[in-house]
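Participant: Supplied structure: entry.txt, compact mmCIF, C-alpha atoms and all ligand atoms.
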# COMPACT_ATOMS: atom_id res chain seq x y z
CA MET S 17 32.75 20.00 -9.07
CA GLN S 18 33.83 16.48 -8.17
CA TRP S 19 32.38 13.89 -5.82
CA ASN S 20 35.23 11.35 -5.55
CA ARG S 21 35.01 10.82 -1.80
CA SER S 22 31.22 10.55 -1.95
CA GLN S 23 31.55 7.98 -4.67
CA ALA S 24 34.05 5.95 -2.64
CA PHE S 25 31.78 6.10 0.42
CA PHE S 26 28.83 5.04 -1.71
CA GLU S 27 30.73 2.03 -3.05
CA GLN S 28 31.67 1.14 0.53
CA SER S 29 28.16 1.67 1.89
CA LYS S 30 26.64 -0.70 -0.68
CA LYS S 31 28.56 -3.51 1.06
CA SER S 32 26.88 -2.89 4.41
CA MET S 33 23.50 -1.29 3.57
CA ALA S 34 21.00 -2.48 0.99
CA GLY S 35 21.48 -0.21 -1.98
CA GLY S 36 23.91 1.81 0.13
CA VAL S 37 21.10 3.83 1.73
CA SER S 38 18.46 3.64 4.45
CA SER S 39 15.58 5.25 2.58
CA ASN S 40 14.60 4.33 -0.96
CA VAL S 41 13.98 7.99 -1.72
CA ARG S 42 17.75 8.53 -1.53
CA LEU S 43 18.41 5.95 -4.25
CA GLN S 44 17.15 8.50 -6.76
CA SER S 45 19.92 11.01 -5.98
CA GLN S 46 22.21 12.40 -8.67
CA PRO S 47 24.95 11.62 -9.60
CA TRP S 48 24.67 8.96 -6.88
CA PRO S 49 23.68 9.31 -3.23
CA LEU S 50 26.07 11.96 -1.93
CA PHE S 51 27.58 11.88 1.56
CA PHE S 52 27.36 14.98 3.73
CA GLU S 53 29.30 15.99 6.78
CA ARG S 54 27.99 19.39 7.88
CA ALA S 55 25.09 21.78 7.49
CA GLU S 56 24.42 25.22 8.84
CA GLY S 57 21.76 27.81 8.01
CA ALA S 58 20.76 27.33 4.38
CA MET S 59 24.05 25.62 3.48
CA ILE S 60 24.94 21.94 3.38
CA TYR S 61 28.45 20.56 2.74
CA ASP S 62 29.41 17.20 1.30
CA VAL S 63 32.46 15.09 2.13
CA ASP S 64 34.28 16.40 -0.97
CA GLY S 65 34.13 19.92 0.42
CA ASN S 66 31.38 21.12 -1.94
CA GLY S 67 28.89 23.54 -0.39
CA TYR S 68 25.31 23.81 -1.63
CA ILE S 69 22.46 26.23 -1.01
CA ASP S 70 19.97 23.71 0.24
CA TYR S 71 16.32 23.57 -0.85
CA VAL S 72 15.96 19.92 0.18
CA LEU S 73 16.13 20.92 3.85
CA GLY S 74 16.06 17.35 5.10
CA GLN S 75 12.94 16.79 2.89
CA GLY S 76 11.20 19.67 4.65
CA PRO S 77 11.99 19.66 8.38
CA MET S 78 14.71 22.35 8.41
CA LEU S 79 12.27 25.27 8.23
CA LEU S 80 14.46 27.25 10.64
CA GLY S 81 17.61 26.31 8.74
CA HIS S 82 20.25 23.73 9.62
CA SER S 83 21.85 23.66 13.08
CA HIS S 84 19.59 26.33 14.53
CA PRO S 85 21.30 27.44 17.77
CA ALA S 86 18.12 27.65 19.87
CA VAL S 87 17.17 24.10 18.96
CA LEU S 88 20.68 22.74 19.50
CA ASP S 89 21.06 24.48 22.86
CA ALA S 90 17.70 23.17 24.07
CA VAL S 91 18.50 19.61 22.99
CA ASN S 92 21.98 19.73 24.51
CA ALA S 93 20.70 20.99 27.83
CA ALA S 94 17.77 18.57 27.99
CA MET S 95 19.66 15.41 27.07
CA ARG S 96 22.22 15.95 29.79
CA GLN S 97 19.41 15.44 32.32
CA GLY S 98 18.33 12.12 30.85
CA GLN S 99 17.18 10.72 27.52
CA LEU S 100 14.34 8.26 27.86
CA TYR S 101 12.26 7.70 30.96
CA ALA S 102 9.53 5.31 29.80
CA GLY S 103 7.45 7.71 31.80
CA GLN S 104 6.14 11.22 31.60
CA HIS S 105 8.17 14.41 31.73
CA PRO S 106 6.92 17.98 31.95
CA GLN S 107 8.17 19.14 28.56
CA GLU S 108 5.64 16.88 26.83
CA ILE S 109 2.93 19.09 28.26
CA GLU S 110 4.71 22.21 27.01
CA VAL S 111 4.78 20.85 23.44
CA ALA S 112 1.21 19.53 23.60
CA GLU S 113 0.00 22.91 24.84
CA ALA S 114 1.84 24.66 22.03
CA MET S 115 0.23 22.35 19.47
CA ILE S 116 -3.19 23.06 20.95
CA ARG S 117 -2.53 26.79 20.94
CA LEU S 118 -1.33 26.81 17.33
CA VAL S 119 -3.29 24.16 15.45
CA PRO S 120 -6.99 24.91 14.93
CA CYS S 121 -8.23 21.30 15.21
CA ALA S 122 -5.95 20.34 18.11
CA GLU S 123 -7.77 19.72 21.37
CA LEU S 124 -5.66 16.72 22.41
CA CYS S 125 -2.34 15.31 21.16
CA ARG S 126 -0.38 12.11 20.94
CA PHE S 127 3.30 12.03 19.99
CA GLY S 128 5.34 9.53 17.99
CA LEU S 129 8.51 9.61 15.95
CA SER S 130 7.53 9.66 12.30
CA GLY S 131 4.76 10.85 10.07
CA SER S 132 4.20 7.32 8.81
CA GLU S 133 3.35 5.96 12.24
CA MET S 134 1.08 8.83 13.24
CA VAL S 135 -0.88 8.35 10.01
CA GLN S 136 -1.44 4.76 11.14
CA ALA S 137 -2.73 6.00 14.47
CA ALA S 138 -5.09 8.42 12.73
CA MET S 139 -6.56 5.75 10.49
CA ARG S 140 -7.02 3.34 13.40
CA LEU S 141 -8.76 6.03 15.41
CA ALA S 142 -11.07 7.00 12.53
CA ARG S 143 -12.07 3.37 12.06
CA ALA S 144 -12.70 2.94 15.77
CA VAL S 145 -14.79 6.10 15.99
CA THR S 146 -16.95 5.38 12.96
CA GLY S 147 -17.06 1.59 13.00
CA ARG S 148 -16.34 1.77 9.26
CA THR S 149 -13.35 0.49 7.29
CA LYS S 150 -12.95 2.37 4.04
CA ILE S 151 -10.74 5.40 3.72
CA LEU S 152 -10.94 7.79 0.83
CA ARG S 153 -7.62 9.16 -0.35
CA PHE S 154 -6.18 10.79 -3.42
CA GLU S 155 -3.88 10.06 -6.34
CA GLY S 156 -0.37 11.43 -5.95
CA HIS S 157 -0.62 11.89 -2.18
CA TYR S 158 1.94 10.21 0.07
CA HIS S 159 1.12 9.14 3.59
CA GLY S 160 4.16 7.06 4.49
CA TRP S 161 5.76 3.85 3.36
CA PHE S 162 3.59 1.29 5.19
CA ASP S 163 1.69 -1.40 3.30
CA ASN S 164 -1.73 0.12 3.74
CA VAL S 165 -0.90 3.62 2.53
CA LEU S 166 1.78 3.20 -0.12
CA ILE S 167 -0.76 3.22 -2.91
CA SER S 168 -1.50 5.33 -5.97
CA LEU S 169 1.32 7.76 -5.31
CA ALA S 170 2.53 7.24 -8.86
CA HIS S 171 0.93 5.02 -11.45
CA PRO S 172 0.67 4.86 -15.20
CA VAL S 173 -1.99 7.18 -16.62
CA ASP S 174 -2.76 8.70 -19.96
CA GLU S 175 -5.55 10.84 -21.35
CA SER S 176 -7.75 7.76 -21.80
CA THR S 177 -7.45 6.45 -18.22
CA PRO S 178 -10.88 6.74 -16.58
CA ARG S 179 -10.81 9.35 -13.83
CA THR S 180 -13.05 7.53 -11.37
CA PRO S 181 -13.13 5.32 -9.50
CA ALA S 182 -9.47 4.34 -9.75
CA ARG S 183 -8.53 0.99 -8.22
CA PRO S 184 -5.78 1.55 -5.60
CA TYR S 185 -2.44 0.99 -7.26
CA LEU S 186 0.14 -0.97 -5.27
CA MET S 187 3.56 0.67 -5.12
CA THR S 188 5.95 -2.02 -3.91
CA ALA S 189 6.75 -5.68 -4.16
CA GLY S 190 5.67 -7.56 -1.06
CA GLN S 191 2.67 -5.34 -0.34
CA VAL S 192 -0.53 -6.92 0.99
CA THR S 193 -3.24 -6.66 -1.62
CA SER S 194 -6.11 -6.32 0.88
CA VAL S 195 -5.45 -2.58 0.95
CA GLN S 196 -7.18 -2.43 -2.40
CA ASP S 197 -10.42 -3.19 -0.60
CA GLU S 198 -9.84 -0.77 2.27
CA PHE S 199 -9.12 2.35 0.25
CA ILE S 200 -10.90 4.29 -2.41
CA VAL S 201 -8.68 6.52 -4.51
CA LEU S 202 -9.88 9.56 -6.42
CA PRO S 203 -8.15 12.39 -8.26
CA TRP S 204 -7.59 15.35 -5.95
CA ASN S 205 -9.18 18.77 -6.30
CA ASP S 206 -12.30 17.37 -7.94
CA LEU S 207 -15.15 17.92 -5.49
CA GLY S 208 -17.73 16.56 -7.92
CA ALA S 209 -15.97 13.18 -7.91
CA VAL S 210 -16.06 13.09 -4.10
CA GLU S 211 -19.72 14.12 -4.06
CA ASP S 212 -20.59 11.29 -6.44
CA LEU S 213 -18.68 8.83 -4.31
CA PHE S 214 -20.34 9.97 -1.10
CA ALA S 215 -23.76 9.78 -2.71
CA ALA S 216 -23.10 6.11 -3.46
CA GLN S 217 -20.90 4.98 -0.59
CA GLY S 218 -20.74 7.72 2.04
CA HIS S 219 -22.08 5.39 4.74
CA GLU S 220 -19.02 3.11 4.32
CA ILE S 221 -16.34 5.77 4.67
CA ALA S 222 -14.47 6.10 7.93
CA ALA S 223 -12.27 9.01 6.89
CA VAL S 224 -11.22 11.26 4.07
CA MET S 225 -7.44 11.46 4.21
CA THR S 226 -5.80 14.34 2.38
CA GLU S 227 -2.64 16.39 2.33
CA GLY S 228 -3.55 20.00 3.14
CA MET S 229 -1.86 21.05 -0.06
CA MET S 230 -0.65 18.45 -2.53
CA CYS S 231 3.10 18.60 -1.95
CA ASN S 232 4.20 15.07 -2.79
CA THR S 233 3.25 15.39 -6.44
CA GLY S 234 3.45 18.91 -7.79
CA GLY S 235 2.84 21.80 -5.45
CA ILE S 236 -0.89 22.01 -5.81
CA PRO S 237 -2.98 24.21 -3.53
CA PRO S 238 -6.60 23.17 -2.99
CA GLN S 239 -9.13 24.73 -5.34
CA PRO S 240 -11.18 27.38 -3.52
CA GLY S 241 -13.89 25.60 -1.54
CA TYR S 242 -12.45 22.13 -2.09
CA LEU S 243 -11.36 21.41 1.49
CA GLN S 244 -14.53 23.02 2.78
CA GLY S 245 -16.48 20.71 0.47
CA LEU S 246 -14.68 17.69 1.94
CA ARG S 247 -15.54 19.02 5.41
CA ARG S 248 -19.22 19.29 4.49
CA LEU S 249 -19.38 15.81 2.98
CA CYS S 250 -17.72 14.31 6.05
CA ASP S 251 -20.18 16.10 8.33
CA GLU S 252 -23.15 14.91 6.30
CA SER S 253 -22.04 11.30 6.22
CA GLY S 254 -20.42 10.86 9.63
CA ALA S 255 -16.90 10.33 8.23
CA LEU S 256 -13.89 12.03 9.82
CA LEU S 257 -11.81 14.56 7.92
CA PHE S 258 -8.15 13.69 8.45
CA MET S 259 -5.63 16.21 7.16
CA ASP S 260 -2.10 14.89 6.83
CA GLU S 261 0.01 17.95 7.63
CA VAL S 262 3.34 16.13 7.81
CA ILE S 263 4.72 18.53 5.18
CA THR S 264 2.35 21.46 5.46
CA GLY S 265 2.32 21.65 9.27
CA PHE S 266 4.16 24.83 10.34
CA ARG S 267 5.53 25.19 6.79
CA LEU S 268 2.43 26.76 5.28
CA GLY S 269 2.03 28.99 8.29
CA LEU S 270 1.96 28.97 12.06
CA HIS S 271 -1.45 27.31 11.94
CA GLY S 272 -0.65 24.85 9.17
CA ALA S 273 -2.59 24.25 5.97
CA GLN S 274 -5.77 24.19 8.03
CA GLY S 275 -5.09 27.77 9.12
CA ARG S 276 -3.99 28.92 5.69
CA PHE S 277 -6.96 27.41 3.86
CA ASP S 278 -9.44 27.91 6.67
CA VAL S 279 -10.83 24.47 7.32
CA VAL S 280 -10.88 22.58 10.60
CA PRO S 281 -10.36 18.83 10.17
CA ASP S 282 -11.20 16.27 12.85
CA LEU S 283 -7.70 14.82 12.98
CA ALA S 284 -4.33 15.99 11.70
CA THR S 285 -0.81 14.61 11.64
CA PHE S 286 2.32 16.69 12.02
CA ALA S 287 6.03 15.79 11.81
CA LYS S 288 8.88 17.33 9.79
CA ALA S 289 8.92 21.05 10.65
CA MET S 290 7.65 20.61 14.20
CA ALA S 291 11.04 19.62 15.62
CA GLY S 292 13.79 21.61 13.90
CA GLY S 293 15.40 18.54 12.33
CA PHE S 294 14.90 16.04 15.14
CA ALA S 295 12.52 13.09 15.04
CA ASN S 296 9.13 14.01 16.41
CA ALA S 297 5.59 13.63 15.13
CA ALA S 298 2.10 14.22 16.40
CA LEU S 299 -1.47 13.22 15.88
CA VAL S 300 -3.80 15.96 17.06
CA GLY S 301 -7.54 16.28 16.90
CA LYS S 302 -10.87 16.84 18.48
CA ALA S 303 -11.05 15.65 22.06
CA GLU S 304 -14.21 13.59 21.57
CA TYR S 305 -12.23 11.38 19.16
CA MET S 306 -8.73 11.56 20.62
CA GLU S 307 -10.03 10.46 24.02
CA ARG S 308 -10.52 6.99 22.58
CA PHE S 309 -6.74 6.54 22.98
CA ALA S 310 -7.31 6.67 26.71
CA LYS S 311 -9.97 3.96 26.44
CA ASP S 312 -9.96 1.31 23.76
CA VAL S 313 -7.67 2.41 20.89
CA ASN S 314 -4.04 1.43 21.18
CA HIS S 315 -1.18 3.76 20.36
CA SER S 316 2.25 2.96 21.80
CA GLY S 317 5.96 3.40 21.17
CA THR S 318 9.19 3.02 23.15
CA PHE S 319 10.67 6.28 21.95
CA ASN S 320 7.49 8.39 21.90
CA SER S 321 7.91 11.73 23.68
CA ASN S 322 11.57 11.10 24.42
CA VAL S 323 13.51 13.94 26.00
CA ILE S 324 15.37 14.99 22.84
CA SER S 325 12.31 15.07 20.58
CA MET S 326 10.36 17.14 23.07
CA ALA S 327 13.19 19.56 23.75
CA ALA S 328 13.66 20.05 19.99
CA SER S 329 9.97 20.65 19.40
CA ALA S 330 9.58 22.98 22.35
CA ALA S 331 12.46 25.09 21.06
CA ALA S 332 11.43 25.00 17.40
CA LEU S 333 7.81 25.91 18.13
CA LYS S 334 8.96 28.72 20.40
CA GLU S 335 11.04 30.16 17.56
CA LEU S 336 8.14 29.89 15.14
CA GLU S 337 5.68 31.47 17.54
CA LYS S 338 7.94 34.38 18.57
CA ASP S 339 6.42 37.83 17.96
CA ASN S 340 3.18 36.29 16.78
CA GLY S 341 4.83 34.26 14.05
CA ALA S 342 6.81 37.16 12.57
CA ILE S 343 9.25 34.67 11.05
CA TYR S 344 6.57 33.74 8.52
CA ASP S 345 6.66 37.20 6.98
CA ARG S 346 10.31 36.65 6.17
CA LEU S 347 9.74 33.11 4.94
CA GLU S 348 6.94 34.19 2.63
CA GLU S 349 8.94 37.12 1.32
CA THR S 350 12.01 34.97 0.62
CA GLY S 351 9.95 32.32 -1.14
CA ALA S 352 8.01 34.90 -3.15
CA ASP S 353 11.26 36.54 -4.29
CA LEU S 354 12.57 33.19 -5.46
CA MET S 355 9.34 32.15 -7.18
CA GLY S 356 9.05 35.55 -8.84
CA GLY S 357 12.69 35.47 -9.87
CA ILE S 358 12.34 32.08 -11.53
CA GLN S 359 9.14 33.19 -13.27
CA GLU S 360 10.91 36.27 -14.58
CA ILE S 361 13.77 34.17 -15.98
CA VAL S 362 11.56 31.60 -17.71
CA GLY S 363 9.43 34.40 -19.13
CA ARG S 364 12.50 36.14 -20.51
CA LEU S 365 13.93 32.91 -21.94
CA GLY S 366 10.52 31.90 -23.31
CA LEU S 367 10.66 28.44 -21.74
CA PRO S 368 7.72 26.14 -20.95
CA VAL S 369 8.32 26.15 -17.20
CA LEU S 370 5.64 26.38 -14.54
CA VAL S 371 6.25 27.60 -11.00
CA GLN S 372 3.27 27.18 -8.68
CA GLY S 373 2.41 26.59 -5.05
CA VAL S 374 3.00 28.77 -2.02
CA PRO S 375 6.22 30.65 -1.28
CA THR S 376 7.47 28.24 1.43
CA ALA S 377 6.75 25.15 -0.68
CA PHE S 378 6.50 25.69 -4.39
CA HIS S 379 6.89 23.44 -7.38
CA MET S 380 8.75 23.86 -10.64
CA SER S 381 8.14 21.75 -13.74
CA PHE S 382 8.71 21.72 -17.46
CA THR S 383 5.22 21.83 -18.93
CA GLU S 384 3.10 23.75 -21.40
CA LEU S 385 0.23 23.85 -18.87
CA SER S 386 -0.54 27.13 -17.13
CA ALA S 387 -1.41 25.25 -13.91
CA ILE S 388 -1.38 21.68 -12.65
CA HIS S 389 -4.45 20.70 -10.67
CA ASP S 390 -3.91 17.04 -9.85
CA TYR S 391 -1.70 13.99 -10.25
CA ARG S 392 -2.77 13.38 -13.83
CA ASP S 393 -1.77 16.83 -14.98
CA TYR S 394 1.65 16.21 -13.49
CA ALA S 395 2.07 12.63 -14.72
CA ILE S 396 0.90 13.28 -18.26
CA HIS S 397 2.05 16.81 -18.97
CA CYS S 398 5.28 17.44 -17.03
CA ASP S 399 8.68 16.53 -18.49
CA LYS S 400 10.36 14.81 -15.55
CA ALA S 401 13.46 13.73 -17.48
CA ARG S 402 14.18 17.35 -18.30
CA TYR S 403 13.69 18.39 -14.69
CA ASP S 404 16.18 15.69 -13.65
CA LYS S 405 18.72 17.21 -16.00
CA PHE S 406 17.96 20.64 -14.59
CA THR S 407 18.49 19.52 -10.98
CA PHE S 408 21.84 18.01 -11.90
CA GLU S 409 22.90 21.26 -13.57
CA MET S 410 21.84 23.09 -10.40
CA LEU S 411 23.82 20.71 -8.23
CA LYS S 412 26.91 21.37 -10.33
CA ARG S 413 26.36 25.07 -9.64
CA GLY S 414 26.06 24.61 -5.89
CA VAL S 415 22.29 24.44 -5.43
CA ARG S 416 20.66 21.30 -4.07
CA LEU S 417 17.09 20.52 -5.14
CA ILE S 418 14.55 17.74 -4.66
CA GLY S 419 14.09 15.68 -7.83
CA ARG S 420 10.32 15.71 -7.80
CA GLY S 421 10.16 19.46 -8.28
CA ILE S 422 9.21 20.81 -4.86
CA TRP S 423 11.36 23.60 -3.38
CA TYR S 424 11.42 24.13 0.38
CA ILE S 425 12.43 27.51 1.81
CA SER S 426 13.97 28.08 5.23
CA ALA S 427 14.12 31.16 7.41
CA ALA S 428 17.89 31.01 7.02
CA HIS S 429 18.01 31.65 3.26
CA THR S 430 19.48 35.11 2.69
CA PRO S 431 18.77 37.55 -0.16
CA GLU S 432 22.34 36.89 -1.41
CA GLN S 433 21.66 33.17 -1.53
CA ILE S 434 18.41 33.78 -3.39
CA ALA S 435 20.31 35.92 -5.93
CA GLN S 436 22.98 33.21 -6.34
CA THR S 437 20.24 30.62 -6.78
CA LEU S 438 18.59 32.68 -9.52
CA THR S 439 21.88 32.97 -11.38
CA ALA S 440 22.24 29.18 -11.18
CA VAL S 441 18.63 28.77 -12.37
CA GLU S 442 19.25 30.88 -15.45
CA ASP S 443 22.51 29.09 -16.30
CA SER S 444 20.99 25.66 -15.71
CA LEU S 445 17.91 26.43 -17.79
CA ARG S 446 20.14 27.53 -20.63
CA ALA S 447 22.13 24.31 -20.23
CA VAL S 448 19.05 22.08 -20.56
CA SER S 449 17.34 24.05 -23.32
C1 LIG S 501 2.17 14.03 3.74
C2 LIG S 501 3.10 13.01 4.34
N1 LIG S 501 2.60 12.12 5.21
C3 LIG S 501 3.39 11.20 5.80
C4 LIG S 501 4.73 11.12 5.51
C5 LIG S 501 5.58 10.10 6.19
O1 LIG S 501 6.37 10.71 7.14
P1 LIG S 501 7.74 10.04 7.64
O2 LIG S 501 8.69 10.07 6.49
O3 LIG S 501 8.15 10.92 8.79
O4 LIG S 501 7.40 8.67 8.08
C6 LIG S 501 5.29 12.03 4.61
C7 LIG S 501 6.72 11.99 4.30
O5 LIG S 501 7.24 12.70 3.49
C8 LIG S 501 4.45 12.98 4.00
O6 LIG S 501 4.92 13.85 3.09
What would you get if you wrote out this structure as structure tokens?
Facilitator:
Amino acid sequence: MQWNRSQAFFEQSKKSMAGGVSSNVRLQSQPWPLFFERAEGAMIYDVDGNGYIDYVLGQGPMLLGHSHPAVLDAVNAAMRQGQLYAGQHPQEIEVAEAMIRLVPCAELCRFGLSGSEMVQAAMRLARAVTGRTKILRFEGHYHGWFDNVLISLAHPVDESTPRTPARPYLMTAGQVTSVQDEFIVLPWNDLGAVEDLFAAQGHEIAAVMTEGMMCNTGGIPPQPGYLQGLRRLCDESGALLFMDEVITGFRLGLHGAQGRFDVVPDLATFAKAMAGGFANAALVGKAEYMERFAKDVNHSGTFNSNVISMAASAAALKELEKDNGAIYDRLEETGADLMGGIQEIVGRLGLPVLVQGVPTAFHMSFTELSAIHDYRDYAIHCDKARYDKFTFEMLKRGVRLIGRGIWYISAAHTPEQIAQTLTAVEDSLRAVS
């Protein structure tokens, strides 16, 4: 496999874009940021003519697969009527009603364009509702790239690092340091640590902000009772429970992580999979809180609820909801076959590889652990350099993976593609062993 044209484009792009890319995440690509020109179903094609079975899926959004015809047709038809009205249009109501029908905590919605910005809206709302400032969040979780949330996603830890309370760790040059006073960071999946914190400081906490399943570091489902414990502590102390479902929303099921793990937060953010590959995002939540946007809490945006985003979401949600969410049976089955297949291979080869998570979003790592429970398990015990080598071997064999170990499944992946992927997994594991 060669990437000559991609390499030439990358050299050219560095002269007009900082680092040659528009998202720092893409800087980490191997062998360098590749250039793509087409994607359909579970396949993506680069400018050198290489095709890959894609488990990156646009970093999650392409749950239905690339270029889904129902989504494309809806967008094409809608955008011919107009694109941006700076006013209301009926399809917004259709999408809002779908969100309310599908998401347990959704009584009212607001739309924006990215997960990052809707997280900002959620935090502002929680602070307005409670009159408190501090937000509790968790190591290894990602809530966007803005100054006040890009903290403690990855930081140096070893066995001797005290578990609590960790001082928020700044992740970028140029970041305001005041965020270290506004956030409290704890390890995830440790209810005792949260209980201790609430006992001491519960009256100061505006919101507990958590991914529904930890997908940005590892693929770590909540321990049984953990989310329910957060719910209880929030209720007792008057804090809001804010579940960031930017990844998990519609990926972990038709009713999101909150449906899958049976907990109803006060607020939740959605993005990625809610719009079939187009830019759309939502903050949803209980009406008594969301109504503050109609009164004294500002949320604005030129492109919010634009015609294309709404048409894409209306179509994507319709596909997901069809036949009572029957598509999820297929998604779960495909993901389970792949997870099981990888587990069978590593068992047979006797390799220290862990596959965990849920079928539509699972994580693979080189580790001796039998499970990873939180960021520290991942940071201390998983061999990331070896996983990097593995992903490059997979790329050479026509399978595209995310470097941090998460695998996303789409409804377009076929049994043949799963079988091809498993062959590539076995060959790549042999190559890095
Ligand atoms: C849980 C979570 N929240 C928020 C974001 C930010 O979303 P966006 O990249 O759309 O700004 C992400 C992005 O991956 C995410 O995973």
Participant: Residues at most 12 Å from Leu88 in chain S, counting all atoms listed in the file, excluding those fewer than 5 positions away in the same chain, as a list of chain:residue names?
Facilitator: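 With the cut-off at 12 Å, the set is S:Glu56, S:Leu80, S:Gly81, S:His82, S:Ser83, S:Ala93, S:Ala94, S:Met95, S:Ala291, S:Gly292, S:Gly293, S:Phe294, S:Ile324, S:Ser325, S:Ala327, S:Ala328, S:Ser329, S:Ala330, S:Ala331, S:Ala332.
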Participant: Using all atoms listed in the file, which residues of the polymer chains come no farther than 9 Å from ligand LIG 501 (chain S)? I'd like the answer as a ChimeraX atom specification.
Facilitator: /S:75-76,129-135,157-162,226-232,259-264,285-288,295-297
Participant: Calculated over only C-alpha atoms, which of the candidates S:Thr439, S:Asn320, S:Asn314, S:Gln244 has the smallest distance to Leu354 in chain S?
Facilitator: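 The shortest atom-to-atom distance to Leu354 in chain S comes from S:Thr439.
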Participant: Applying 12 Å and all atoms listed in the file, which residues near Lys311 in chain S remain after dropping the ones on its own chain fewer than 6 positions away? List them as a PyMOL selection string.
Facilitator: chain S and resi 141+144-145+304-305
Participant: Can you measure CA of Ile151 in chain S to CA of Tyr394 in chain S for me? One decimal in Å is fine.
Facilitator: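 CA of Ile151 in chain S sits 23.8 Å away from CA of Tyr394 in chain S.
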Participant: Under the rule that all atoms listed in the file are counted, which of S:Leu336, S:Met410, S:Pro431, S:Tyr424 is the nearest residue to Asp443 in chain S?
Facilitator: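 Smallest distance to Asp443 in chain S is found for S:Met410.
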Participant: In Å, rounded to a single decimal, give me how far CA of Lys302 in chain S is from CA of Val119 in chain S.
Facilitator: 11.0 Å
Participant: Provide the CA of Phe214 in chain S to CA of Glu155 in chain S distance in Å, to one decimal place.
Facilitator: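 We find that CA of Phe214 in chain S and CA of Glu155 in chain S lie 17.3 Å from each other.
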Participant: Taking all atoms listed in the file into account, name the residue in S:Ser316, S:Gln274, S:Thr188, S:Gln217 that is nearest to Cys121 in chain S.
Facilitator: S:Gln274
Participant: I'd like the neighbourhood of Gly341 in chain S as a VMD selection string, where a residue qualifies if any of its atoms comes within 12 Å (using only C-alpha atoms), though same-chain residues fewer than 5 positions away should be ignored.
Facilitator: chain S and resid 118 266 to 272 332 to 336 346 to 348 427
Participant: Once you add 4 Å to each side, what are the centre and edge lengths of the axis-aligned box holding all listed atoms of range 97-113 of chain S? One decimal in Å, as AutoDock Vina command-line options, if you can.
Facilitator:
--center_x 9.7 --center_y 14.1 --center_z 27.9 --size_x 27.4 --size_y 25.6 --size_z 16.9
Participant: List as an MDAnalysis selection string the protein and nucleic acid residues near Leu186 in chain S, meaning an atom at most 7 Å away when all atoms listed in the file are counted, but skip any in the same chain fewer than 5 places from it.
Facilitator: chainID S and resid 166:168
Participant: Leaving out Ser386 in chain S and any residue of its chain fewer than 6 positions from it, which residues lie within 12 Å of it when counting only C-alpha atoms, given as a list in words?
Facilitator: Pro368, Val369, Leu370, Val371, Gln372, Met380, Asp393, Tyr394, His397 and Cys398 of chain S
Participant: Counting all atoms listed in the file, which residues have an atom no more than 12 Å from (16.9, 37.8, -20.0) in the file's coordinates? Please list them as an MDAnalysis selection string.
Facilitator: chainID S and resid 357:367 438:439 441:443 445:446
Participant: Between S:Asp64, S:Phe26, S:Ala114, S:Gly74, single out the one closest to Arg416 in chain S, counting only C-alpha atoms.
Facilitator: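 Using only C-alpha atoms, Arg416 in chain S sits closest to S:Gly74.
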Participant: Have a look at S:Ser444, S:Asn92, S:Ser45, S:Ser381 and name the one nearest to Glu409 in chain S; count only C-alpha atoms.
Facilitator: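 Smallest distance to Glu409 in chain S is found for S:Ser444.
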